[in-house]
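Next comes my_file.pdb, with PDB, C-alpha atoms.
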```pdb
ATOM      1  CA  MET A   1      13.873 -54.807  -2.594
ATOM      2  CA  MET A   2      14.453 -55.104   1.121
ATOM      3  CA  ALA A   3      11.178 -53.425   1.962
ATOM      4  CA  LEU A   4       9.218 -55.764  -0.257
ATOM      5  CA  ASP A   5       9.967 -58.857   1.791
ATOM      6  CA  GLY A   6       8.142 -57.519   4.894
ATOM      7  CA  GLU A   7      10.630 -59.385   7.082
ATOM      8  CA  THR A   8      13.411 -56.839   7.388
ATOM      9  CA  GLU A   9      13.808 -57.462  11.116
ATOM     10  CA  THR A  10      13.898 -61.242  10.877
ATOM     11  CA  SER A  11      17.315 -62.884  10.776
ATOM     12  CA  ASP A  12      18.358 -65.092   7.880
ATOM     13  CA  ALA A  13      18.730 -68.072  10.218
ATOM     14  CA  ALA A  14      15.175 -67.621  11.521
ATOM     15  CA  LEU A  15      13.818 -67.347   7.986
ATOM     16  CA  LEU A  16      15.694 -70.476   6.920
ATOM     17  CA  ALA A  17      14.296 -72.360   9.904
ATOM     18  CA  ARG A  18      10.774 -71.214   9.041
ATOM     19  CA  TYR A  19      11.254 -72.224   5.424
ATOM     20  CA  ALA A  20      12.582 -75.634   6.516
ATOM     21  CA  ALA A  21       9.414 -76.019   8.600
ATOM     22  CA  GLY A  22       7.340 -75.518   5.452
ATOM     23  CA  GLU A  23       6.558 -71.791   5.469
ATOM     24  CA  GLN A  24       6.635 -70.453   1.905
ATOM     25  CA  ALA A  25       6.426 -66.815   3.047
ATOM     26  CA  ALA A  26       9.909 -67.272   4.511
ATOM     27  CA  ALA A  27      11.177 -68.451   1.117
ATOM     28  CA  ARG A  28       9.731 -65.329  -0.458
ATOM     29  CA  ALA A  29      11.420 -63.081   2.104
ATOM     30  CA  LEU A  30      14.779 -64.799   1.585
ATOM     31  CA  THR A  31      14.423 -64.518  -2.182
ATOM     32  CA  PHE A  32      13.694 -60.797  -2.110
ATOM     33  CA  ARG A  33      16.514 -60.239   0.340
ATOM     34  CA  HIS A  34      19.297 -62.180  -1.366
ATOM     35  CA  ALA A  35      18.451 -62.914  -5.001
ATOM     36  CA  PRO A  36      19.255 -59.380  -6.288
ATOM     37  CA  ARG A  37      22.763 -59.405  -4.799
ATOM     38  CA  VAL A  38      23.564 -62.935  -5.936
ATOM     39  CA  LEU A  39      22.313 -62.143  -9.425
ATOM     40  CA  ALA A  40      24.272 -58.875  -9.605
ATOM     41  CA  LEU A  41      27.475 -60.678  -8.616
ATOM     42  CA  ALA A  42      26.911 -63.364 -11.258
ATOM     43  CA  ARG A  43      26.118 -60.786 -13.947
ATOM     44  CA  ARG A  44      29.332 -58.894 -13.286
ATOM     45  CA  MET A  45      31.402 -62.042 -13.078
ATOM     46  CA  LEU A  46      30.011 -63.671 -16.205
ATOM     47  CA  GLY A  47      28.831 -60.753 -18.344
ATOM     48  CA  ASP A  48      26.040 -62.920 -19.757
ATOM     49  CA  PRO A  49      22.612 -62.174 -18.193
ATOM     50  CA  ALA A  50      21.089 -65.577 -19.004
ATOM     51  CA  GLU A  51      24.053 -67.500 -17.661
ATOM     52  CA  ALA A  52      24.072 -65.260 -14.596
ATOM     53  CA  GLU A  53      20.429 -66.154 -13.899
ATOM     54  CA  ASP A  54      21.317 -69.839 -14.132
ATOM     55  CA  VAL A  55      24.116 -69.420 -11.605
ATOM     56  CA  ALA A  56      21.982 -67.338  -9.241
ATOM     57  CA  GLN A  57      19.139 -69.863  -9.421
ATOM     58  CA  GLU A  58      21.542 -72.743  -8.740
ATOM     59  CA  THR A  59      23.030 -70.853  -5.778
ATOM     60  CA  LEU A  60      19.619 -70.247  -4.249
ATOM     61  CA  LEU A  61      18.569 -73.840  -4.932
ATOM     62  CA  ARG A  62      21.503 -74.955  -2.808
ATOM     63  CA  MET A  63      20.292 -72.612  -0.085
ATOM     64  CA  TRP A  64      16.834 -74.223  -0.123
ATOM     65  CA  LYS A  65      18.403 -77.654   0.167
ATOM     66  CA  ILE A  66      20.716 -76.766   3.027
ATOM     67  CA  ALA A  67      18.057 -74.852   5.017
ATOM     68  CA  PRO A  68      17.264 -77.599   7.606
ATOM     69  CA  GLU A  69      20.947 -77.967   8.519
ATOM     70  CA  TRP A  70      21.728 -74.241   8.628
ATOM     71  CA  ARG A  71      23.774 -73.202  11.670
ATOM     72  CA  GLU A  72      22.694 -70.050  13.478
ATOM     73  CA  GLU A  73      26.220 -68.619  13.682
ATOM     74  CA  ALA A  74      26.969 -68.819   9.937
ATOM     75  CA  ARG A  75      26.458 -65.749   7.755
ATOM     76  CA  LEU A  76      24.112 -66.482   4.882
ATOM     77  CA  SER A  77      25.235 -63.672   2.553
ATOM     78  CA  THR A  78      28.875 -64.790   2.832
ATOM     79  CA  TRP A  79      27.868 -68.380   2.095
ATOM     80  CA  LEU A  80      25.787 -67.301  -0.904
ATOM     81  CA  TYR A  81      28.577 -65.131  -2.324
ATOM     82  CA  ARG A  82      31.010 -68.017  -1.902
ATOM     83  CA  VAL A  83      28.753 -70.519  -3.700
ATOM     84  CA  ALA A  84      27.936 -68.042  -6.470
ATOM     85  CA  SER A  85      31.549 -66.966  -7.050
ATOM     86  CA  ASN A  86      32.699 -70.606  -7.157
ATOM     87  CA  LEU A  87      29.988 -71.445  -9.695
ATOM     88  CA  CYS A  88      30.994 -68.412 -11.777
ATOM     89  CA  VAL A  89      34.678 -69.360 -11.713
ATOM     90  CA  ASP A  90      33.719 -72.911 -12.784
ATOM     91  CA  ARG A  91      31.743 -71.525 -15.722
ATOM     92  CA  LEU A  92      34.537 -69.163 -16.744
ATOM     93  CA  ARG A  93      37.004 -72.057 -16.642
ATOM     94  CA  ARG A  94      34.670 -74.184 -18.761
ATOM     95  CA  ARG A  95      34.352 -71.354 -21.277
ATOM     96  CA  ARG A  96      38.104 -71.194 -21.608
ATOM     97  CA  GLU A  97      38.338 -74.967 -22.012
ATOM     98  CA  GLN A  98      35.744 -74.812 -24.776
ATOM     99  CA  GLY A  99      37.563 -71.920 -26.414
ATOM    100  CA  ILE A 100      34.744 -69.439 -25.850
ATOM    101  CA  ASP A 101      36.005 -65.916 -25.227
ATOM    102  CA  GLY A 102      33.394 -64.445 -22.900
ATOM    103  CA  ALA A 103      35.163 -61.103 -22.805
ATOM    104  CA  ALA A 104      34.690 -60.629 -26.539
ATOM    105  CA  GLU A 105      30.935 -61.112 -26.212
ATOM    106  CA  ILE A 106      30.449 -58.310 -23.723
ATOM    107  CA  ALA A 107      29.335 -55.063 -25.296
ATOM    108  CA  ASP A 108      31.863 -52.402 -24.352
ATOM    109  CA  GLY A 109      29.892 -49.380 -25.415
ATOM    110  CA  ALA A 110      32.463 -48.214 -27.944
ATOM    111  CA  ALA A 111      29.957 -47.996 -30.764
ATOM    112  CA  THR A 112      27.615 -45.700 -28.889
ATOM    113  CA  ALA A 113      30.232 -43.599 -27.071
ATOM    114  CA  GLN A 114      30.313 -41.007 -29.788
ATOM    115  CA  GLU A 115      26.586 -40.331 -29.314
ATOM    116  CA  GLY A 116      26.993 -38.660 -25.955
ATOM    117  CA  LEU A 117      28.471 -38.589 -22.496
ATOM    118  CA  GLU A 118      26.292 -41.349 -21.153
ATOM    119  CA  ALA A 119      26.987 -43.336 -18.010
ATOM    120  CA  ARG A 120      25.726 -46.402 -19.825
ATOM    121  CA  ASP A 121      28.717 -46.309 -22.144
ATOM    122  CA  ARG A 122      31.100 -46.038 -19.242
ATOM    123  CA  ALA A 123      29.371 -48.931 -17.520
ATOM    124  CA  GLY A 124      29.739 -50.962 -20.704
ATOM    125  CA  ALA A 125      33.411 -50.063 -20.971
ATOM    126  CA  LEU A 126      33.972 -51.094 -17.372
ATOM    127  CA  ARG A 127      32.196 -54.420 -17.941
ATOM    128  CA  ALA A 128      34.417 -55.121 -20.922
ATOM    129  CA  ALA A 129      37.538 -54.250 -18.922
ATOM    130  CA  LEU A 130      36.326 -56.386 -16.005
ATOM    131  CA  ALA A 131      35.794 -59.328 -18.332
ATOM    132  CA  ARG A 132      39.465 -59.258 -19.253
ATOM    133  CA  LEU A 133      40.663 -59.554 -15.663
ATOM    134  CA  PRO A 134      41.712 -62.932 -14.264
ATOM    135  CA  ASP A 135      38.812 -64.670 -12.451
ATOM    136  CA  ARG A 136      40.017 -64.053  -8.891
ATOM    137  CA  GLN A 137      40.832 -60.395  -9.529
ATOM    138  CA  ARG A 138      37.437 -59.908 -11.084
ATOM    139  CA  ALA A 139      35.684 -61.557  -8.146
ATOM    140  CA  ALA A 140      37.617 -59.444  -5.652
ATOM    141  CA  ILE A 141      36.853 -56.208  -7.539
ATOM    142  CA  VAL A 142      33.147 -57.030  -7.857
ATOM    143  CA  LEU A 143      32.807 -57.990  -4.196
ATOM    144  CA  ARG A 144      34.694 -54.906  -2.993
ATOM    145  CA  HIS A 145      33.440 -52.169  -5.310
ATOM    146  CA  PHE A 146      29.919 -53.303  -6.163
ATOM    147  CA  GLU A 147      28.849 -55.558  -3.308
ATOM    148  CA  GLU A 148      30.792 -53.371  -0.847
ATOM    149  CA  ARG A 149      32.052 -56.314   1.201
ATOM    150  CA  PRO A 150      34.943 -55.691   3.618
ATOM    151  CA  ASN A 151      38.271 -57.326   2.788
ATOM    152  CA  PRO A 152      38.125 -59.956   5.584
ATOM    153  CA  GLU A 153      34.750 -61.147   4.278
ATOM    154  CA  ILE A 154      36.066 -61.228   0.695
ATOM    155  CA  ALA A 155      38.950 -63.336   1.979
ATOM    156  CA  GLU A 156      36.448 -65.746   3.541
ATOM    157  CA  ILE A 157      34.333 -65.870   0.386
ATOM    158  CA  LEU A 158      37.304 -66.551  -1.896
ATOM    159  CA  GLY A 159      39.144 -68.794   0.565
ATOM    160  CA  LEU A 160      42.203 -66.513   0.630
ATOM    161  CA  SER A 161      44.147 -64.498   3.183
ATOM    162  CA  VAL A 162      43.298 -60.815   3.657
ATOM    163  CA  GLU A 163      46.739 -59.920   2.294
ATOM    164  CA  ALA A 164      46.065 -61.928  -0.853
ATOM    165  CA  VAL A 165      42.752 -60.102  -1.313
ATOM    166  CA  GLU A 166      44.461 -56.720  -0.914
ATOM    167  CA  SER A 167      46.998 -57.745  -3.529
ATOM    168  CA  LEU A 168      44.253 -58.927  -5.923
ATOM    169  CA  LEU A 169      42.372 -55.662  -5.486
ATOM    170  CA  ALA A 170      45.464 -53.529  -6.095
ATOM    171  CA  ARG A 171      46.377 -55.430  -9.258
ATOM    172  CA  GLY A 172      42.790 -55.452 -10.464
ATOM    173  CA  ARG A 173      42.337 -51.706 -10.000
ATOM    174  CA  ARG A 174      45.640 -51.012 -11.737
ATOM    175  CA  ALA A 175      44.677 -53.202 -14.702
ATOM    176  CA  LEU A 176      41.252 -51.552 -14.989
ATOM    177  CA  ALA A 177      42.718 -48.046 -14.834
ATOM    178  CA  GLU A 178      45.255 -48.940 -17.534
ATOM    179  CA  ARG A 179      42.526 -50.254 -19.802
ATOM    180  CA  LEU A 180      40.098 -47.398 -19.229
ATOM    181  CA  SER A 181      42.452 -44.402 -19.173
ATOM    182  CA  PRO A 182      43.177 -44.392 -22.918
ATOM    183  CA  ARG A 183      39.443 -44.193 -23.595
ATOM    184  CA  ARG A 184      38.771 -41.136 -21.449
ATOM    185  CA  SER A 185      37.927 -38.770 -24.278
ATOM    186  CA  GLU A 186      36.074 -41.466 -26.186
ATOM    187  CA  LEU A 187      33.816 -42.030 -23.170
ATOM    188  CA  GLY A 188      33.007 -38.400 -22.605
ATOM    189  CA  PHE A 189      35.740 -37.194 -20.254
ATOM    190  CA  ALA A 190      37.324 -33.903 -21.266
ATOM    191  CA  ASP A 191      40.952 -34.091 -22.401
ATOM    192  CA  ASP A 192      43.605 -32.429 -20.273
TER
ATOM    193  CA  MET B   1      36.941 -39.089  -5.479
ATOM    194  CA  THR B   2      33.756 -37.454  -4.279
ATOM    195  CA  GLU B   3      33.553 -35.391  -7.430
ATOM    196  CA  GLY B   4      33.244 -38.524  -9.508
ATOM    197  CA  LYS B   5      30.690 -40.052  -7.152
ATOM    198  CA  THR B   6      28.237 -37.190  -7.294
ATOM    199  CA  ASP B   7      28.053 -36.676 -11.027
ATOM    200  CA  PRO B   8      30.065 -38.899 -13.301
ATOM    201  CA  GLY B   9      28.918 -37.073 -16.381
ATOM    202  CA  ALA B  10      30.183 -33.663 -15.341
ATOM    203  CA  ALA B  11      33.404 -34.652 -13.621
ATOM    204  CA  THR B  12      36.772 -34.797 -15.320
ATOM    205  CA  PRO B  13      38.880 -36.805 -12.880
ATOM    206  CA  ARG B  14      42.664 -36.567 -13.220
ATOM    207  CA  ASP B  15      43.612 -39.258 -10.706
ATOM    208  CA  PRO B  16      43.281 -42.817 -12.123
ATOM    209  CA  ALA B  17      41.566 -43.892  -8.875
ATOM    210  CA  ASP B  18      38.972 -41.133  -9.295
ATOM    211  CA  LEU B  19      38.478 -42.077 -12.915
ATOM    212  CA  LEU B  20      37.928 -45.673 -11.882
ATOM    213  CA  GLU B  21      35.430 -44.632  -9.225
ATOM    214  CA  THR B  22      33.493 -42.765 -11.909
ATOM    215  CA  TYR B  23      33.222 -45.967 -13.908
ATOM    216  CA  PHE B  24      32.182 -47.937 -10.813
ATOM    217  CA  ASN B  25      29.427 -45.415 -10.173
ATOM    218  CA  ALA B  26      28.221 -45.634 -13.749
ATOM    219  CA  GLU B  27      28.096 -49.420 -13.529
ATOM    220  CA  ARG B  28      26.230 -49.318 -10.185
ATOM    221  CA  ARG B  29      23.625 -47.031 -11.744
ATOM    222  CA  ALA B  30      23.218 -49.368 -14.691
ATOM    223  CA  GLU B  31      22.325 -52.303 -12.439
ATOM    224  CA  GLU B  32      18.971 -53.829 -13.336
ATOM    225  CA  PRO B  33      16.686 -55.528 -10.805
ATOM    226  CA  PRO B  34      15.942 -59.248 -11.204
ATOM    227  CA  SER B  35      13.157 -60.065 -13.636
ATOM    228  CA  ALA B  36       9.810 -61.381 -12.413
ATOM    229  CA  ALA B  37      10.410 -64.613 -14.337
ATOM    230  CA  PHE B  38      13.687 -65.174 -12.523
ATOM    231  CA  LEU B  39      12.122 -64.554  -9.099
ATOM    232  CA  SER B  40       9.242 -66.898  -9.957
ATOM    233  CA  ALA B  41      11.700 -69.617 -10.958
ATOM    234  CA  VAL B  42      13.580 -69.234  -7.673
ATOM    235  CA  LEU B  43      10.349 -69.441  -5.660
ATOM    236  CA  ALA B  44       9.226 -72.468  -7.664
ATOM    237  CA  ASP B  45      12.502 -74.180  -6.743
ATOM    238  CA  ALA B  46      11.877 -73.371  -3.090
ATOM    239  CA  ALA B  47       8.373 -74.880  -3.240
ATOM    240  CA  GLU B  48       9.651 -77.979  -5.045
ATOM    241  CA  VAL B  49      12.415 -78.616  -2.498
ATOM    242  CA  ALA B  50       9.962 -78.137   0.390
ATOM    243  CA  ALA B  51       7.461 -80.550  -1.177
ATOM    244  CA  ALA B  52      10.152 -83.178  -1.782
ATOM    245  CA  ARG B  53      11.319 -82.831   1.815
ATOM    246  CA  ALA B  54       7.783 -83.266   3.144
ATOM    247  CA  GLU B  55       7.314 -86.365   0.975
ATOM    248  CA  VAL B  56      10.504 -87.957   2.290
ATOM    249  CA  ALA B  57       9.599 -87.158   5.898
ATOM    250  CA  ALA B  58       6.064 -88.609   5.731
ATOM    251  CA  PRO B  59       6.769 -92.407   5.508
ATOM    252  CA  VAL B  60       9.267 -92.251   8.354
ATOM    253  CA  SER B  61       6.584 -91.173  10.816
ATOM    254  CA  ARG B  62       4.207 -94.084   9.874
ATOM    255  CA  PRO B  63       5.776 -97.538  10.304
ATOM    256  CA  GLY B  64       4.400-100.304   8.089
ATOM    257  CA  ALA B  65       2.182-103.167   9.384
ATOM    258  CA  GLY B  66       4.864-105.819   8.854
ATOM    259  CA  SER B  67       7.519-104.021  10.838
ATOM    260  CA  LEU B  68       6.303-105.362  14.245
ATOM    261  CA  TRP B  69       6.648-108.969  13.099
ATOM    262  CA  ARG B  70      10.058-108.190  11.688
ATOM    263  CA  ALA B  71      11.107-106.626  14.990
ATOM    264  CA  LEU B  72       9.736-109.463  17.190
ATOM    265  CA  PRO B  73      12.717-111.877  16.979
ATOM    266  CA  ALA B  74      15.058-109.080  18.012
ATOM    267  CA  LEU B  75      12.793-108.189  20.948
ATOM    268  CA  LEU B  76      12.891-111.817  22.143
ATOM    269  CA  GLY B  77      16.690-111.968  22.032
ATOM    270  CA  GLY B  78      17.283-113.499  18.622
ATOM    271  CA  TRP B  79      16.430-117.007  17.413
ATOM    272  CA  ARG B  80      18.087-118.713  20.421
ATOM    273  CA  GLY B  81      16.058-116.719  22.892
ATOM    274  CA  GLY B  82      12.901-117.282  20.873
ATOM    275  CA  ALA B  83      13.485-121.064  20.711
ATOM    276  CA  ALA B  84      14.133-121.292  24.472
ATOM    277  CA  LEU B  85      11.019-119.285  25.215
ATOM    278  CA  THR B  86       8.924-121.508  22.944
ATOM    279  CA  ALA B  87      10.318-124.690  24.544
ATOM    280  CA  CYS B  88       9.563-123.376  28.043
ATOM    281  CA  ALA B  89       6.040-122.439  27.038
ATOM    282  CA  LEU B  90       5.461-125.875  25.512
ATOM    283  CA  ALA B  91       6.829-127.646  28.583
ATOM    284  CA  GLY B  92       4.634-125.588  30.850
ATOM    285  CA  PHE B  93       1.611-126.459  28.799
ATOM    286  CA  LEU B  94       2.372-130.179  28.819
ATOM    287  CA  ILE B  95       3.061-130.225  32.569
ATOM    288  CA  GLY B  96      -0.255-128.563  33.147
ATOM    289  CA  ALA B  97      -2.040-130.934  30.806
ATOM    290  CA  SER B  98      -0.487-134.062  32.352
ATOM    291  CA  GLY B  99      -2.207-133.433  35.696
ATOM    292  CA  TYR B 100       0.882-134.209  37.850
ATOM    293  CA  SER B 101      -0.483-133.820  41.351
ATOM    294  CA  GLY B 102       2.801-133.833  43.285
ATOM    295  CA  LEU B 103       4.186-130.775  41.559
ATOM    296  CA  SER B 104       2.077-128.297  43.395
ATOM    297  CA  THR B 105       2.670-129.810  46.860
ATOM    298  CA  ASP B 106       6.220-131.097  46.618
ATOM    299  CA  LEU B 107       8.455-128.946  44.469
ATOM    300  CA  GLY B 108      11.560-130.299  46.187
ATOM    301  CA  GLY B 109      10.658-133.800  45.115
ATOM    302  CA  ALA B 110      10.212-132.730  41.552
ATOM    303  CA  ALA B 111      13.598-131.059  41.599
ATOM    304  CA  GLU B 112      15.169-134.209  43.007
ATOM    305  CA  THR B 113      13.534-136.314  40.335
ATOM    306  CA  THR B 114      14.913-133.992  37.692
ATOM    307  CA  ALA B 115      18.379-134.076  39.162
ATOM    308  CA  SER B 116      18.448-137.865  39.248
ATOM    309  CA  ALA B 117      17.284-138.314  35.691
ATOM    310  CA  SER B 118      19.756-140.106  33.441
ATOM    311  CA  ASP B 119      19.523-137.487  30.698
ATOM    312  CA  GLY B 120      21.230-134.485  32.295
ATOM    313  CA  VAL B 121      20.598-132.167  29.396
ATOM    314  CA  SER B 122      16.834-132.542  29.050
ATOM    315  CA  GLY B 123      16.075-133.836  32.569
ATOM    316  CA  PHE B 124      13.632-131.078  33.349
ATOM    317  CA  TYR B 125      11.676-131.823  30.210
ATOM    318  CA  ASP B 126      11.727-135.574  30.731
ATOM    319  CA  LEU B 127       7.999-136.141  30.929
ATOM    320  CA  ALA B 128       8.404-139.904  31.270
ATOM    321  CA  ALA B 129      10.208-139.388  34.594
ATOM    322  CA  LEU B 130       7.486-137.087  35.805
ATOM    323  CA  ASP B 131       4.854-139.682  35.025
ATOM    324  CA  GLN B 132       6.511-142.356  37.239
TER
END
```
Could you express the structure from this file as structure tokens?
Amino acid sequence: MMALDGETETSDAALLARYAAGEQAAARALTFRHAPRVLALARRMLGDPAEAEDVAQETLLRMWKIAPEWREEARLSTWLYRVASNLCVDRLRRRREQGIDGAAEIADGAATAQEGLEARDRAGALRAALARLPDRQRAAIVLRHFEERPNPEIAEILGLSVEAVESLLARGRRALAERLSPRRSELGFADD
Amino acid sequence: MTEGKTDPGAATPRDPADLLETYFNAERRAEEPPSAAFLSAVLADAAEVAAARAEVAAPVSRPGAGSLWRALPALLGGWRGGAALTACALAGFLIGASGYSGLSTDLGGAAETTASASDGVSGFYDLAALDQ
């Protein structure tokens, strides 16, 4: 994706300034650079691909609107992750208020696990386990293990201290391991 | 840990952390790129925001025809300043039209006449006194 934008050397701030000046090529470069990561975060947070696209589109729309006021020293990816994770948490909260159990809707791969030792089934099982984590734990796990953000940046994104992020990650990993361990043989791992 | 990373299908991790890493790897591999429709929608938003911004910016750079007239009273110092300026202009015109010959040669006399006028407020504009 990065290679497609043709602007790999250009900073985000410079691209935002060019977009604010009316250059659509800059918008294209920013989209190819950031949309995949924002969308991946939203997918893992929400579990629903359509809803994730809505959140990612809304996040990027806010970026287009803020472009003329963007400060050079700010880090765009951190800002985007923060906006996207806040929008996801809002949606998850709304789901709970409306009595919709998002976790139940996520395919966990159990039905197809018996067919073979496929990574897809494990990915599905992980998604289902992720969906049962509290919102903040889920966000911390996704940012650390899939987006590969360092803990201080995760703290900035979630508006928490680094210690709080470390605690969230530890609890999240423990909860995931507890949920996935009993399904080892079911998901193709050999029994001890 | 590394065992799970290289080939999640073949590994049989014993440590829960290694097992978890195997799942993370499987999920990373399952990640799908954004659809073309999604990217098009994002770019359409970008174009729409840019167009709206250009539309808002355009009228600001071209002031309307009536704005100069609206700004004139303020330039002249408000209605008091404007009234004083108009009165002075009118007085100057009338003095010129009256053909008072002494004004050009004897300014001191004119000033004296003004000072001795009974109406202290409008003495300078007292055209009757100037005519005497």
How would you write, as a compact mmCIF listing (two decimals) with C-alpha atoms, keeping the file's coordinate frame, the residues chosen by the ChimeraX specification (/B :<9) & /A on this structure?
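Done, and the output landed in expr_35.txt:
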```txt
# COMPACT_ATOMS: atom_id res chain seq x y z
CA MET A 1 13.87 -54.81 -2.59
CA TYR A 19 11.25 -72.22 5.42
CA ALA A 20 12.58 -75.63 6.52
CA ALA A 21 9.41 -76.02 8.60
CA GLY A 22 7.34 -75.52 5.45
CA GLU A 23 6.56 -71.79 5.47
CA GLN A 24 6.64 -70.45 1.90
CA ALA A 27 11.18 -68.45 1.12
CA ARG A 28 9.73 -65.33 -0.46
CA THR A 31 14.42 -64.52 -2.18
CA PHE A 32 13.69 -60.80 -2.11
CA ALA A 35 18.45 -62.91 -5.00
CA PRO A 36 19.26 -59.38 -6.29
CA LEU A 39 22.31 -62.14 -9.43
CA ALA A 40 24.27 -58.88 -9.60
CA GLU A 53 20.43 -66.15 -13.90
CA ALA A 56 21.98 -67.34 -9.24
CA GLN A 57 19.14 -69.86 -9.42
CA GLU A 58 21.54 -72.74 -8.74
CA LEU A 60 19.62 -70.25 -4.25
CA LEU A 61 18.57 -73.84 -4.93
CA MET A 63 20.29 -72.61 -0.08
CA TRP A 64 16.83 -74.22 -0.12
CA LYS A 65 18.40 -77.65 0.17
CA LEU A 117 28.47 -38.59 -22.50
CA GLU A 118 26.29 -41.35 -21.15
CA ALA A 119 26.99 -43.34 -18.01
CA ARG A 120 25.73 -46.40 -19.82
CA ASP A 121 28.72 -46.31 -22.14
CA ARG A 122 31.10 -46.04 -19.24
CA ALA A 123 29.37 -48.93 -17.52
CA GLY A 124 29.74 -50.96 -20.70
CA ALA A 125 33.41 -50.06 -20.97
CA LEU A 126 33.97 -51.09 -17.37
CA ARG A 127 32.20 -54.42 -17.94
CA HIS A 145 33.44 -52.17 -5.31
CA PHE A 146 29.92 -53.30 -6.16
CA ARG A 173 42.34 -51.71 -10.00
CA ARG A 174 45.64 -51.01 -11.74
CA LEU A 176 41.25 -51.55 -14.99
CA ALA A 177 42.72 -48.05 -14.83
CA GLU A 178 45.26 -48.94 -17.53
CA LEU A 180 40.10 -47.40 -19.23
CA SER A 181 42.45 -44.40 -19.17
CA ARG A 184 38.77 -41.14 -21.45
CA GLY A 188 33.01 -38.40 -22.60
CA PHE A 189 35.74 -37.19 -20.25
CA ALA A 190 37.32 -33.90 -21.27
CA ASP A 191 40.95 -34.09 -22.40
CA ASP A 192 43.60 -32.43 -20.27
```
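The gap separating CA of Pro182 in chain A from CA of Arg149 in chain A is 29.1 Å, in Å to one decimal.
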Contacts of Val38 in chain A at 7 Å or less, counting only C-alpha atoms, minus same-chain residues fewer than 3 places along, as an mmCIF file with C-alpha atoms, keeping the file's coordinate frame?
```
data_model
loop_
_atom_site.group_PDB
_atom_site.id
_atom_site.type_symbol
_atom_site.label_atom_id
_atom_site.label_comp_id
_atom_site.auth_asym_id
_atom_site.auth_seq_id
_atom_site.Cartn_x
_atom_site.Cartn_y
_atom_site.Cartn_z
ATOM 1 C CA HIS A 34 19.297 -62.180 -1.366
ATOM 2 C CA ALA A 35 18.451 -62.914 -5.001
ATOM 3 C CA LEU A 41 27.475 -60.678 -8.616
ATOM 4 C CA ALA A 42 26.911 -63.364 -11.258
ATOM 5 C CA ALA A 56 21.982 -67.338 -9.241
ATOM 6 C CA TYR A 81 28.577 -65.131 -2.324
ATOM 7 C CA ALA A 84 27.936 -68.042 -6.470
#
```
Could you check which of A:Ile154, A:Ala164, A:Ala131, A:Ala17 is closest to Glu69 in chain A, using all atoms listed in the file?
-> A:Ala17
Distance CA of Arg144 in chain A-CA of Arg183 in chain A, one decimal place?
-> 23.7 Å
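The two atoms in question, CA of Ile66 in chain A and CA of Ile157 in chain A, are spaced 17.6 Å apart.
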Contacts of Arg43 in chain A at 8 Å (only C-alpha atoms; same-chain gap of 5+ positions) as an mmCIF file with C-alpha atoms, in the coordinates of the input:
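As written to disk, result_20.cif reads:
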```
data_model
loop_
_atom_site.group_PDB
_atom_site.id
_atom_site.type_symbol
_atom_site.label_atom_id
_atom_site.label_comp_id
_atom_site.auth_asym_id
_atom_site.auth_seq_id
_atom_site.Cartn_x
_atom_site.Cartn_y
_atom_site.Cartn_z
ATOM 1 C CA ASP A 48 26.040 -62.920 -19.757
ATOM 2 C CA PRO A 49 22.612 -62.174 -18.193
ATOM 3 C CA GLU A 51 24.053 -67.500 -17.661
ATOM 4 C CA ALA A 52 24.072 -65.260 -14.596
ATOM 5 C CA GLU A 53 20.429 -66.154 -13.899
#
```
Where does the PyMOL selection byres ((chain A and resi 72-75) around 12) land in this file, that is, which residues does it pick, as a PyMOL selection string?
-> chain A and resi 11-17+67-71+76-82+153+156-157
